[in-house]
Structure formats: structure tokens, C-alpha cells
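Participant: Let me begin by handing over the structure; questions about it come next.
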Amino acid sequence: MSSTIPVGARELLRHAPFLYFLLSRSLSRFASQIAAVAIGWQIYDLTGSAFQLGMVGLVQFLPTALLVFVAGHAADRFERKRVVQLCQIAEAVTALFLAVSTFAGWLDEVQIFIATFVIGIAGAFESPATAALLPLIAPRGSLQRATAISSGAAQIATITGPALGGLIYVFAPSLPYLVIVVFWLAGAVLTGFIHTEKQELSKEATVADDVYAGVRFIRNNPAILGTISLDLFAVLLGGVTALLPIYARDILQTGPLGLGVLRAAPAVGALLMTAYLARHTINRHVGLRMFQAVIVFGAATIVFALSQWMWLSVLALALLGAADTISVVIRFSLVQLATPDEMRGRVGAVNFLFINASNQLGQFESGVTAALFGTVPAAVLGGVGTIAIALLWMKLFPSLRKVERLE
């Protein structure tokens, strides 16, 4: 890390490498959000099949599951910003293919799935390399604040990206793809401007041993194992996103507009918490604070599950998003700081797999439990399960609970 110590958010945003990183990551996130909307709508327009629409998510997730170890090894073996650049260029080229094919009128669903898979491969390599890049550019003592600001930018893209993609798609189905070509290429250029501290490249004797070293490192470090697995099970049990359409239509009776408000509420709460954490870092009892945030996440889930009022449901979801942001910032900072630089790519790849798995499987779990027990009991059960997991993990991983400081 750099020897300079800009402790405020303004000073951090004046730090050129971090600013280039933030802009590049934001453009990539915007591009991926726009791509998800455009691809989903186009697949449904072509096939009219809800099953084919669901397959888009599976095709996007498969590369992460299949390439987790290889992607992590690449982030540690090669210069990370070059890995990110190559991924952004590959994504831009794929988006250009989709734009030209859509404009020409000869794009079919098979080609869209292939292009989606290619974008998924690039994303599988880009994510761990990006995560491992941040500690190399955040000035010493500012990783927590840098993580908060970076997470906030990602939330903005998550909120506005789908709306922007939908608006552009109205004008022409090929136009969103042209926009994301520009975004990804601009991101690649900005990534090239990032100046990093020297990366410790992995030099192990055998590739196979090198690839799986991240798993062994996590397994042998209880604090990291506890942090990553806590997020996996908490999100797996506590995610209510898949149930929001049911709540909007049948329980709160608010219709499509209300569904949009419900979906935006967690991101708004996350943005507000990001703004707070960018100015006020968590300096004491960080391990305990993470467990407390997960417990609040579970409690907010229960409140939302039982609510019959729109205002209370929105408030509960916003609180849920804020608590999740605290957990994310602490988890990311703790994992990055506790991992040697030469291992950050491989550890980050496993962490990225856990995050994706918890989100995808969490939606599946919510749907199954709702079908078996009913929507409200399923959501309540998820919140109770999240709190139970947090309390159990506090007992199983005492070293994690006792972590005092991050920086």
C-alpha cells in the first residue's frame, strides 16, 4: 500500500489511482446491469419463455462456479490491472457482437446464450482481480473507507443501471449494447491509468498446488472462514428479494410501481449507510459489529415479513440494506487485510463464488420454502434463521468475534 495517509473521503477521492479505480469499476458495473436488462428482455422477446429467461441467470453463474480456482490463480499470477483490462475488452467485444447482430436482425437465442456465457467468463476473472486490486491502491489506513465508497458506487449502478438499460432499449434493441461497448472500453482505458504498488506475484512450483492454495488458506484461517461462511448462510436464509413480487401484489397490494419501490429500498438504505461509513469508519469491535449487523439484517427481514403497511415494509428493507452494507464493508476489509497480497486473488475468487452462490441459492431457497409453508412464514423463517446463524457463528468462530480493528 501507499505510504500516504489521506483519512477523509475527499482526500481519498483526490488520490488518482483510487479515482481511476472507482470510475472504471462503476462503468463496468453499469455495463453489466444494462447488459442483464437488455439480454433478459431480448431473450423473452425472442422466446416468450419464462424458463429461457431463468436460464440466463444460470448461464451467467456457471463460469463463476467452473472457473473459480483458475480465475483466482490468474489474479495472483499476473498483473491484476492487466487482467481487469483484458476482461473489460473481452466484454466490450462481445457486446459489440450483440449490437451488430441485433441491428442486422440475425441474432437468435443460442447466440445470446453463448455471448452471455462469454461475458460470464470475463466477469469470473474480472471480479477477483478487481477485489484484489483495491488494497494495492488504497492509501494505508483507508481500505475500509475506500471499500465503503466503492460499494456505494456499485449500489448507484444497481439502482440506476437497469432503469437506464430499459429506457435505452425502448429506442432500439441494439442501442443498449452499443452503450455498454463504450462503458467497458472506457473502463479499460481508465484501468490502464491506475498506478499500483508492486504486486507480489505467485511463484509456487506447481500450478495445481497454486490454484487450490486459496481454499487451504481460508480453511486454515478461522476468522476468514467464519467471515465468508457467515455471509453465505446469512444471505442464503435471509434473502427475500425473490418474494417481493408476491408481497407487492398479494400482501401489500401496491402493484408494479410498489414493486419498484420495494426493490429500490434496500439499495437506498445501503447508499445512506455508505455515505455515513465514508465519513465515519468503524474503529472498534469490528468483529462484533459485523455480527450485530447480520442480526439487524435478520430482524429487519422479520419486520418486513410481518408488515402489512407499505411504509413499514420500505423502512424495513432500507434498514436491511444498511445493515448489509456494514457487513459487506467489514467483511471485505477484514478478508483483504488478513490475506497476504500474493493470495488475494485466489481467496477473493472463493469469496466471489460464495457471494454468487448465496444470492442464487437464496432465491431458490425462498421460493421453495414459500411454496411449502406460505410466503409470510417463509420470510419469517429466513429472518429467524439468519439471526440463529449469527449467534451460532459467534460461538464457533470466537477469533472473528474478538477482532478489534481493521486497519
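Labels used: A, B, ... for chains in the order of the C-alpha cells, numbers from 1 for residues in each chain, and numbers from 1 for ligands as shown.
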DSSP says alpha helix (DSSP H) for which residues of stretch 29-237 of chain A? Put them as JSON, numbers by chain?
Facilitator: {"A": [29, 30, 31, 32, 33, 34, 35, 36, 37, 38, 39, 40, 41, 42, 43, 44, 45, 46, 47, 50, 51, 52, 53, 54, 55, 56, 57, 58, 59, 60, 61, 62, 63, 64, 65, 66, 67, 68, 69, 70, 71, 72, 73, 74, 75, 76, 77, 80, 81, 82, 83, 84, 85, 86, 87, 88, 89, 90, 91, 92, 93, 94, 95, 96, 97, 98, 99, 100, 101, 102, 103, 104, 109, 110, 111, 112, 113, 114, 115, 116, 117, 118, 119, 120, 121, 122, 123, 124, 125, 126, 127, 128, 129, 130, 131, 132, 133, 134, 135, 136, 137, 143, 144, 145, 146, 147, 148, 149, 150, 151, 152, 153, 154, 155, 156, 157, 158, 159, 160, 161, 162, 163, 164, 165, 166, 167, 168, 169, 170, 171, 175, 176, 177, 178, 179, 180, 181, 182, 183, 184, 185, 186, 187, 188, 189, 190, 191, 192, 207, 208, 209, 210, 211, 213, 214, 215, 216, 217, 218, 219, 222, 223, 224, 225, 226, 227, 228, 229, 230, 231, 232, 233, 234, 235, 236, 237]}
Participant: What's around A:Pro17 at 7 Å? Count only C-alpha atoms, leave out sequence neighbours fewer than 4 positions away in its own chain, and write the answer as a PyMOL selection string.
Facilitator: chain A and resi 21+137+194-195
Participant: Could you check which of A:Leu391, A:Leu400, A:Trp309, A:Ala322 is closest to A:Val286, using only C-alpha atoms?
Facilitator: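 Checking each of A:Leu391, A:Leu400, A:Trp309, A:Ala322 against A:Val286, counting only C-alpha atoms, the winner is A:Leu400.
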Participant: Select, from A:Ala124, A:Met290, A:Ala92, A:Val170, the residue with the minimum atom-to-atom distance to A:Val328, counting only C-alpha atoms.
Facilitator: A:Met290
Participant: I'd like the neighbourhood of A:Tyr169 as a count of residues only, where a residue qualifies if any of its atoms comes within 10 Å (using only C-alpha atoms), though same-chain residues fewer than 4 positions away should be ignored.
Facilitator: 13
Participant: For A:Ser399, which residue out of A:Ser101, A:Thr116, A:Thr227, A:Thr64 is the nearest one, using only C-alpha atoms?
Facilitator: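 Smallest separation from A:Ser399 among the options: A:Thr227.
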Participant: Using only C-alpha atoms, pick whichever of A:Val347, A:Phe217, A:Arg25, A:Pro162 has the shortest atom-to-atom distance to A:Trp184.
Facilitator: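 The closest residue to A:Trp184 is A:Arg25.
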